[in-house]
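Below is structure22.csv, holding CSV, N, CA and C atoms.
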```csv
chain,number,residue,atom,x,y,z
A,263,MET,N,-5.1,-21.0,9.4
A,263,MET,CA,-5.1,-20.9,8.0
A,263,MET,C,-4.4,-19.6,7.6
A,264,VAL,N,-3.5,-19.6,6.7
A,264,VAL,CA,-2.8,-18.5,6.2
A,264,VAL,C,-3.5,-18.0,4.9
A,265,ILE,N,-3.8,-16.8,4.8
A,265,ILE,CA,-4.4,-16.2,3.6
A,265,ILE,C,-3.3,-15.4,2.8
A,266,ALA,N,-3.1,-15.6,1.6
A,266,ALA,CA,-2.1,-14.9,0.8
A,266,ALA,C,-2.7,-13.6,0.3
A,267,ILE,N,-1.9,-12.6,0.3
A,267,ILE,CA,-2.3,-11.3,-0.2
A,267,ILE,C,-1.3,-10.8,-1.3
A,268,ARG,N,-1.6,-9.8,-2.0
A,268,ARG,CA,-0.7,-9.2,-3.0
A,268,ARG,C,-0.6,-7.7,-2.6
A,269,ILE,N,0.6,-7.3,-2.6
A,269,ILE,CA,0.9,-5.9,-2.3
A,269,ILE,C,1.7,-5.3,-3.5
A,270,ALA,N,1.3,-4.2,-4.1
A,270,ALA,CA,2.0,-3.7,-5.2
A,270,ALA,C,2.2,-2.2,-5.1
A,271,GLY,N,3.2,-1.7,-5.7
A,271,GLY,CA,3.5,-0.3,-5.7
A,271,GLY,C,4.2,0.1,-7.0
A,272,TYR,N,3.9,1.4,-7.4
A,272,TYR,CA,4.5,1.9,-8.6
A,272,TYR,C,4.8,3.4,-8.3
A,273,SER,N,6.0,3.8,-8.7
A,273,SER,CA,6.5,5.2,-8.4
A,273,SER,C,7.1,5.7,-9.7
A,274,SER,N,6.9,7.0,-9.9
A,274,SER,CA,7.6,7.7,-11.0
A,274,SER,C,8.1,9.1,-10.5
A,275,ILE,N,9.1,9.6,-11.2
A,275,ILE,CA,9.6,10.9,-10.9
A,275,ILE,C,9.5,11.7,-12.1
A,276,ASP,N,9.0,13.0,-11.9
A,276,ASP,CA,8.9,14.0,-13.0
A,276,ASP,C,9.6,15.2,-12.5
A,277,GLY,N,10.8,15.5,-12.9
A,277,GLY,CA,11.5,16.6,-12.3
A,277,GLY,C,11.7,16.5,-10.8
A,278,ALA,N,11.2,17.4,-10.1
A,278,ALA,CA,11.4,17.4,-8.6
A,278,ALA,C,10.2,16.7,-7.9
A,279,GLN,N,9.3,16.2,-8.6
A,279,GLN,CA,8.1,15.6,-8.0
A,279,GLN,C,8.1,14.1,-8.2
A,280,MET,N,7.7,13.4,-7.2
A,280,MET,CA,7.5,11.9,-7.2
A,280,MET,C,6.1,11.6,-7.0
A,281,SER,N,5.6,10.6,-7.7
A,281,SER,CA,4.2,10.1,-7.4
A,281,SER,C,4.4,8.6,-7.1
A,282,LEU,N,3.4,8.2,-6.2
A,282,LEU,CA,3.4,6.8,-5.8
A,282,LEU,C,2.0,6.3,-5.7
A,283,THR,N,1.8,5.1,-6.3
A,283,THR,CA,0.5,4.4,-6.1
A,283,THR,C,0.8,3.0,-5.6
A,284,ALA,N,0.0,2.7,-4.6
A,284,ALA,CA,0.2,1.4,-3.9
A,284,ALA,C,-1.1,0.7,-3.7
A,285,SER,N,-1.2,-0.6,-3.7
A,285,SER,CA,-2.4,-1.3,-3.6
A,285,SER,C,-2.2,-2.6,-2.8
A,286,VAL,N,-3.3,-3.1,-2.2
A,286,VAL,CA,-3.3,-4.4,-1.5
A,286,VAL,C,-4.6,-5.1,-2.0
A,287,LEU,N,-4.4,-6.4,-2.3
A,287,LEU,CA,-5.4,-7.2,-2.8
A,287,LEU,C,-5.4,-8.5,-2.0
A,288,ASP,N,-6.6,-9.0,-1.6
A,288,ASP,CA,-6.7,-10.2,-0.9
A,288,ASP,C,-6.6,-11.4,-1.9
A,289,GLU,N,-6.3,-12.6,-1.4
A,289,GLU,CA,-6.2,-13.8,-2.3
A,289,GLU,C,-7.4,-14.1,-3.1
A,290,ALA,N,-8.6,-13.9,-2.6
A,290,ALA,CA,-9.8,-14.2,-3.3
A,290,ALA,C,-10.1,-13.1,-4.4
A,291,GLY,N,-9.4,-12.0,-4.3
A,291,GLY,CA,-9.7,-10.9,-5.2
A,291,GLY,C,-11.0,-10.1,-4.9
A,292,LEU,N,-11.5,-10.3,-3.7
A,292,LEU,CA,-12.7,-9.6,-3.3
A,292,LEU,C,-12.5,-8.2,-2.7
A,293,MET,N,-11.3,-8.0,-2.1
A,293,MET,CA,-11.0,-6.7,-1.6
A,293,MET,C,-9.7,-6.2,-2.2
A,294,PHE,N,-9.9,-5.0,-2.8
A,294,PHE,CA,-8.8,-4.3,-3.5
A,294,PHE,C,-8.8,-2.8,-2.9
A,295,ILE,N,-7.7,-2.4,-2.4
A,295,ILE,CA,-7.6,-1.1,-1.8
A,295,ILE,C,-6.3,-0.4,-2.4
A,296,GLU,N,-6.5,0.8,-2.9
A,296,GLU,CA,-5.5,1.5,-3.6
A,296,GLU,C,-5.4,2.9,-3.0
A,297,ALA,N,-4.2,3.5,-2.9
A,297,ALA,CA,-3.9,4.8,-2.5
A,297,ALA,C,-2.8,5.4,-3.3
A,298,SER,N,-2.9,6.7,-3.5
A,298,SER,CA,-1.9,7.4,-4.3
A,298,SER,C,-1.5,8.7,-3.6
A,299,GLY,N,-0.3,9.2,-4.0
A,299,GLY,CA,0.1,10.5,-3.5
A,299,GLY,C,1.3,11.0,-4.3
A,300,CYS,N,1.6,12.3,-4.1
A,300,CYS,CA,2.8,12.8,-4.7
A,300,CYS,C,3.4,13.8,-3.8
A,301,GLY,N,4.7,14.0,-4.0
A,301,GLY,CA,5.5,14.9,-3.1
A,301,GLY,C,6.9,15.1,-3.7
A,302,PRO,N,7.7,15.8,-2.9
A,302,PRO,CA,9.1,16.1,-3.4
A,302,PRO,C,9.9,14.8,-3.6
A,303,ALA,N,10.6,14.7,-4.7
A,303,ALA,CA,11.3,13.5,-5.1
A,303,ALA,C,12.5,13.2,-4.1
A,304,ASP,N,12.9,14.3,-3.4
A,304,ASP,CA,14.0,14.1,-2.5
A,304,ASP,C,13.5,13.6,-1.1
A,305,ARG,N,12.2,13.3,-0.9
A,305,ARG,CA,11.6,12.9,0.3
A,305,ARG,C,10.8,11.6,0.1
A,306,PRO,N,11.3,10.6,-0.4
A,306,PRO,CA,10.5,9.4,-0.7
A,306,PRO,C,10.0,8.7,0.5
A,307,ARG,N,10.7,8.7,1.6
A,307,ARG,CA,10.2,8.0,2.8
A,307,ARG,C,8.9,8.7,3.3
A,308,GLU,N,8.8,10.0,3.3
A,308,GLU,CA,7.6,10.7,3.7
A,308,GLU,C,6.4,10.3,2.8
A,309,LEU,N,6.7,10.3,1.5
A,309,LEU,CA,5.6,10.0,0.6
A,309,LEU,C,5.1,8.5,0.8
A,310,GLY,N,6.1,7.6,0.9
A,310,GLY,CA,5.7,6.2,1.2
A,310,GLY,C,4.9,6.0,2.5
A,311,ARG,N,5.3,6.7,3.5
A,311,ARG,CA,4.6,6.7,4.8
A,311,ARG,C,3.2,7.2,4.6
A,312,ALA,N,3.0,8.3,4.0
A,312,ALA,CA,1.7,8.9,3.8
A,312,ALA,C,0.8,8.0,3.0
A,313,VAL,N,1.3,7.4,1.9
A,313,VAL,CA,0.5,6.5,1.1
A,313,VAL,C,0.2,5.2,2.0
A,314,ALA,N,1.1,4.7,2.7
A,314,ALA,CA,0.9,3.5,3.5
A,314,ALA,C,-0.2,3.8,4.6
A,315,LEU,N,-0.1,5.0,5.2
A,315,LEU,CA,-1.1,5.3,6.2
A,315,LEU,C,-2.5,5.4,5.6
A,316,GLU,N,-2.6,6.0,4.4
A,316,GLU,CA,-3.9,6.0,3.7
A,316,GLU,C,-4.4,4.6,3.4
A,317,LEU,N,-3.5,3.7,3.0
A,317,LEU,CA,-3.9,2.4,2.7
A,317,LEU,C,-4.5,1.7,4.0
A,318,ALA,N,-3.7,1.9,5.1
A,318,ALA,CA,-4.1,1.3,6.4
A,318,ALA,C,-5.4,1.8,6.8
A,319,ALA,N,-5.7,3.1,6.7
A,319,ALA,CA,-6.9,3.7,7.1
A,319,ALA,C,-8.1,3.3,6.3
A,320,SER,N,-7.8,2.9,5.0
A,320,SER,CA,-8.9,2.4,4.1
A,320,SER,C,-9.2,0.9,4.2
A,321,GLY,N,-8.5,0.2,5.1
A,321,GLY,CA,-8.8,-1.2,5.4
A,321,GLY,C,-7.7,-2.1,5.0
A,322,ALA,N,-6.6,-1.7,4.4
A,322,ALA,CA,-5.5,-2.6,4.1
A,322,ALA,C,-4.9,-3.3,5.3
A,323,ALA,N,-4.9,-2.6,6.4
A,323,ALA,CA,-4.3,-3.1,7.6
A,323,ALA,C,-5.1,-4.4,8.0
A,324,ASP,N,-6.4,-4.4,7.8
A,324,ASP,CA,-7.2,-5.6,8.2
A,324,ASP,C,-6.9,-6.8,7.3
A,325,ILE,N,-6.7,-6.5,6.0
A,325,ILE,CA,-6.4,-7.5,5.0
A,325,ILE,C,-5.0,-8.1,5.4
A,326,ILE,N,-4.0,-7.3,5.7
A,326,ILE,CA,-2.7,-7.7,6.0
A,326,ILE,C,-2.7,-8.5,7.3
A,327,GLU,N,-3.5,-8.1,8.3
A,327,GLU,CA,-3.5,-8.8,9.6
A,327,GLU,C,-4.1,-10.2,9.4
A,328,ARG,N,-5.2,-10.3,8.6
A,328,ARG,CA,-5.8,-11.6,8.4
A,328,ARG,C,-4.8,-12.6,7.7
A,329,SER,N,-3.8,-12.1,7.0
A,329,SER,CA,-2.9,-13.0,6.3
A,329,SER,C,-1.8,-13.5,7.2
A,330,ARG,N,-1.6,-13.0,8.4
A,330,ARG,CA,-0.6,-13.4,9.3
A,330,ARG,C,-0.9,-14.8,9.9
A,331,PRO,N,0.1,-15.6,10.1
A,331,PRO,CA,-0.1,-16.9,10.7
A,331,PRO,C,-0.5,-16.7,12.1
A,332,ARG,N,-1.4,-17.6,12.6
A,332,ARG,CA,-1.9,-17.5,14.0
A,332,ARG,C,-1.4,-18.7,14.8
```

Rewritten as structure tokens:
Amino acid sequence: MVIAIRIAGYSSIDGAQMSLTASVLDEAGLMFIEASGCGPADRPRELGRAVALELAASGAADIIERSRPR
């Protein structure tokens, strides 16, 4: 059984700073995990990685793993 999930992200830049908010929601809407961060606008990969690691540590990795075909 494949479970659908929703992954969302929103980023904005204010001068030299970038902010990023990302979330993962399971299909049933029972689990919602969100993480945010900010950093230099010229280093978006580092910010994305930091937010992704925070999501994963908060349980998003489990939601994503359950959505993979077996």

| request: Quick one: everything within 7 Å of A:Leu287, counting all atoms listed in the file, minus sequence neighbours fewer than 6 positions away in the same chain. Send it as number ranges by chain. | output: A: 266-270, 293-295

| request: Would you kindly return, as a list of chain:residue names, each protein, DNA or RNA residue with an atom no farther than 6.5 Å from any atom of stretch 302-315 of chain A, considering only N, CA and C atoms and excluding same-chain residues fewer than 3 positions away? | output: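 In the requested format, the answer is A:Gly277, A:Ala278, A:Gln279, A:Met280, A:Ala297, A:Ser298, A:Gly299, A:Ala318, A:Ala319, A:Ser320.
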
| query | Between atom CA of A:Gly321 and atom CA of A:Gly271, what is the spacing in Å? | reply |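 We find that atom CA of A:Gly271 and atom CA of A:Gly321 lie 16.6 Å from each other.
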
| request: May I ask for the distance between atom C of A:Glu296 and atom CA of A:Ser329, given in Å to one decimal place? | output: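 Taking atom C of A:Glu296 and atom CA of A:Ser329, their separation equals 18.6 Å.
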
As JSON: centre and edge lengths in Å, one decimal, of the axis-aligned box holding stretch 272-279 of chain A with 8 Å per side:
```
{"center_x": 7.8, "center_y": 9.4, "center_z": -10.2, "size_x": 23.8, "size_y": 32.0, "size_z": 21.6}
```

| field | Interatomic distance (Å, one decimal) between atom N of A:Asp288 and atom CA of A:Cys300 | value | 23.9 Å

| task | Name the residues of chain A that come out as alpha helix (DSSP H) in a backbone DSSP run; write them as a PyMOL selection string. | result | chain A and resi 306-317+323-328

Because some atoms of stretch 287-298 of chain A are absent here, can you restore all heavy atoms and send them as an mmCIF file, in the frame of the given file?
```cif
data_model
loop_
_atom_site.group_PDB
_atom_site.id
_atom_site.type_symbol
_atom_site.label_atom_id
_atom_site.label_comp_id
_atom_site.auth_asym_id
_atom_site.auth_seq_id
_atom_site.Cartn_x
_atom_site.Cartn_y
_atom_site.Cartn_z
ATOM 1 N N LEU A 287 -4.400 -6.400 -2.300
ATOM 2 C CA LEU A 287 -5.400 -7.200 -2.800
ATOM 3 C C LEU A 287 -5.400 -8.500 -2.000
ATOM 4 O O LEU A 287 -4.388 -9.153 -1.870
ATOM 5 C CB LEU A 287 -5.198 -7.508 -4.297
ATOM 6 C CG LEU A 287 -6.103 -8.485 -5.014
ATOM 7 C CD1 LEU A 287 -7.491 -7.887 -5.196
ATOM 8 C CD2 LEU A 287 -5.515 -8.850 -6.362
ATOM 9 N N ASP A 288 -6.600 -9.000 -1.600
ATOM 10 C CA ASP A 288 -6.700 -10.200 -0.900
ATOM 11 C C ASP A 288 -6.600 -11.400 -1.900
ATOM 12 O O ASP A 288 -6.805 -11.182 -3.102
ATOM 13 C CB ASP A 288 -7.883 -10.350 0.038
ATOM 14 C CG ASP A 288 -9.205 -10.517 -0.686
ATOM 15 O OD1 ASP A 288 -9.252 -10.345 -1.911
ATOM 16 O OD2 ASP A 288 -10.202 -10.805 -0.011
ATOM 17 N N GLU A 289 -6.300 -12.600 -1.400
ATOM 18 C CA GLU A 289 -6.200 -13.800 -2.300
ATOM 19 C C GLU A 289 -7.400 -14.100 -3.100
ATOM 20 O O GLU A 289 -7.264 -14.416 -4.305
ATOM 21 C CB GLU A 289 -5.828 -14.987 -1.435
ATOM 22 C CG GLU A 289 -5.586 -16.227 -2.277
ATOM 23 C CD GLU A 289 -5.265 -17.427 -1.401
ATOM 24 O OE1 GLU A 289 -6.096 -17.764 -0.546
ATOM 25 O OE2 GLU A 289 -4.194 -18.002 -1.596
ATOM 26 N N ALA A 290 -8.600 -13.900 -2.600
ATOM 27 C CA ALA A 290 -9.800 -14.200 -3.300
ATOM 28 C C ALA A 290 -10.100 -13.100 -4.400
ATOM 29 O O ALA A 290 -10.973 -13.310 -5.206
ATOM 30 C CB ALA A 290 -10.942 -14.316 -2.343
ATOM 31 N N GLY A 291 -9.400 -12.000 -4.300
ATOM 32 C CA GLY A 291 -9.700 -10.900 -5.200
ATOM 33 C C GLY A 291 -11.000 -10.100 -4.900
ATOM 34 O O GLY A 291 -11.482 -9.367 -5.700
ATOM 35 N N LEU A 292 -11.500 -10.300 -3.700
ATOM 36 C CA LEU A 292 -12.700 -9.600 -3.300
ATOM 37 C C LEU A 292 -12.500 -8.200 -2.700
ATOM 38 O O LEU A 292 -13.342 -7.403 -2.771
ATOM 39 C CB LEU A 292 -13.423 -10.499 -2.223
ATOM 40 C CG LEU A 292 -13.819 -11.902 -2.699
ATOM 41 C CD1 LEU A 292 -14.425 -12.689 -1.554
ATOM 42 C CD2 LEU A 292 -14.775 -11.805 -3.868
ATOM 43 N N MET A 293 -11.300 -8.000 -2.100
ATOM 44 C CA MET A 293 -11.000 -6.700 -1.600
ATOM 45 C C MET A 293 -9.700 -6.200 -2.200
ATOM 46 O O MET A 293 -8.693 -6.781 -2.281
ATOM 47 C CB MET A 293 -10.741 -6.827 -0.062
ATOM 48 C CG MET A 293 -11.974 -7.210 0.725
ATOM 49 S SD MET A 293 -11.722 -7.050 2.504
ATOM 50 C CE MET A 293 -11.619 -5.276 2.659
ATOM 51 N N PHE A 294 -9.900 -5.000 -2.800
ATOM 52 C CA PHE A 294 -8.800 -4.300 -3.500
ATOM 53 C C PHE A 294 -8.800 -2.800 -2.900
ATOM 54 O O PHE A 294 -9.816 -2.149 -3.003
ATOM 55 C CB PHE A 294 -9.024 -4.259 -4.976
ATOM 56 C CG PHE A 294 -7.992 -3.461 -5.719
ATOM 57 C CD1 PHE A 294 -6.750 -3.997 -5.977
ATOM 58 C CD2 PHE A 294 -8.263 -2.177 -6.155
ATOM 59 C CE1 PHE A 294 -5.784 -3.272 -6.670
ATOM 60 C CE2 PHE A 294 -7.313 -1.439 -6.849
ATOM 61 C CZ PHE A 294 -6.081 -1.995 -7.102
ATOM 62 N N ILE A 295 -7.700 -2.400 -2.400
ATOM 63 C CA ILE A 295 -7.600 -1.100 -1.800
ATOM 64 C C ILE A 295 -6.300 -0.400 -2.400
ATOM 65 O O ILE A 295 -5.270 -1.032 -2.535
ATOM 66 C CB ILE A 295 -7.400 -1.155 -0.263
ATOM 67 C CG1 ILE A 295 -8.645 -1.818 0.338
ATOM 68 C CG2 ILE A 295 -7.196 0.237 0.305
ATOM 69 C CD1 ILE A 295 -8.554 -2.098 1.798
ATOM 70 N N GLU A 296 -6.500 0.800 -2.900
ATOM 71 C CA GLU A 296 -5.500 1.500 -3.600
ATOM 72 C C GLU A 296 -5.400 2.900 -3.000
ATOM 73 O O GLU A 296 -6.396 3.527 -2.638
ATOM 74 C CB GLU A 296 -5.754 1.580 -5.073
ATOM 75 C CG GLU A 296 -4.642 2.202 -5.886
ATOM 76 C CD GLU A 296 -4.891 2.069 -7.363
ATOM 77 O OE1 GLU A 296 -5.653 2.899 -7.901
ATOM 78 O OE2 GLU A 296 -4.345 1.135 -7.959
ATOM 79 N N ALA A 297 -4.200 3.500 -2.900
ATOM 80 C CA ALA A 297 -3.900 4.800 -2.500
ATOM 81 C C ALA A 297 -2.800 5.400 -3.300
ATOM 82 O O ALA A 297 -1.914 4.715 -3.777
ATOM 83 C CB ALA A 297 -3.549 4.837 -1.004
ATOM 84 N N SER A 298 -2.900 6.700 -3.500
ATOM 85 C CA SER A 298 -1.900 7.400 -4.300
ATOM 86 C C SER A 298 -1.500 8.700 -3.600
ATOM 87 O O SER A 298 -2.278 9.289 -2.843
ATOM 88 C CB SER A 298 -2.422 7.769 -5.708
ATOM 89 O OG SER A 298 -2.704 6.617 -6.419
#
```
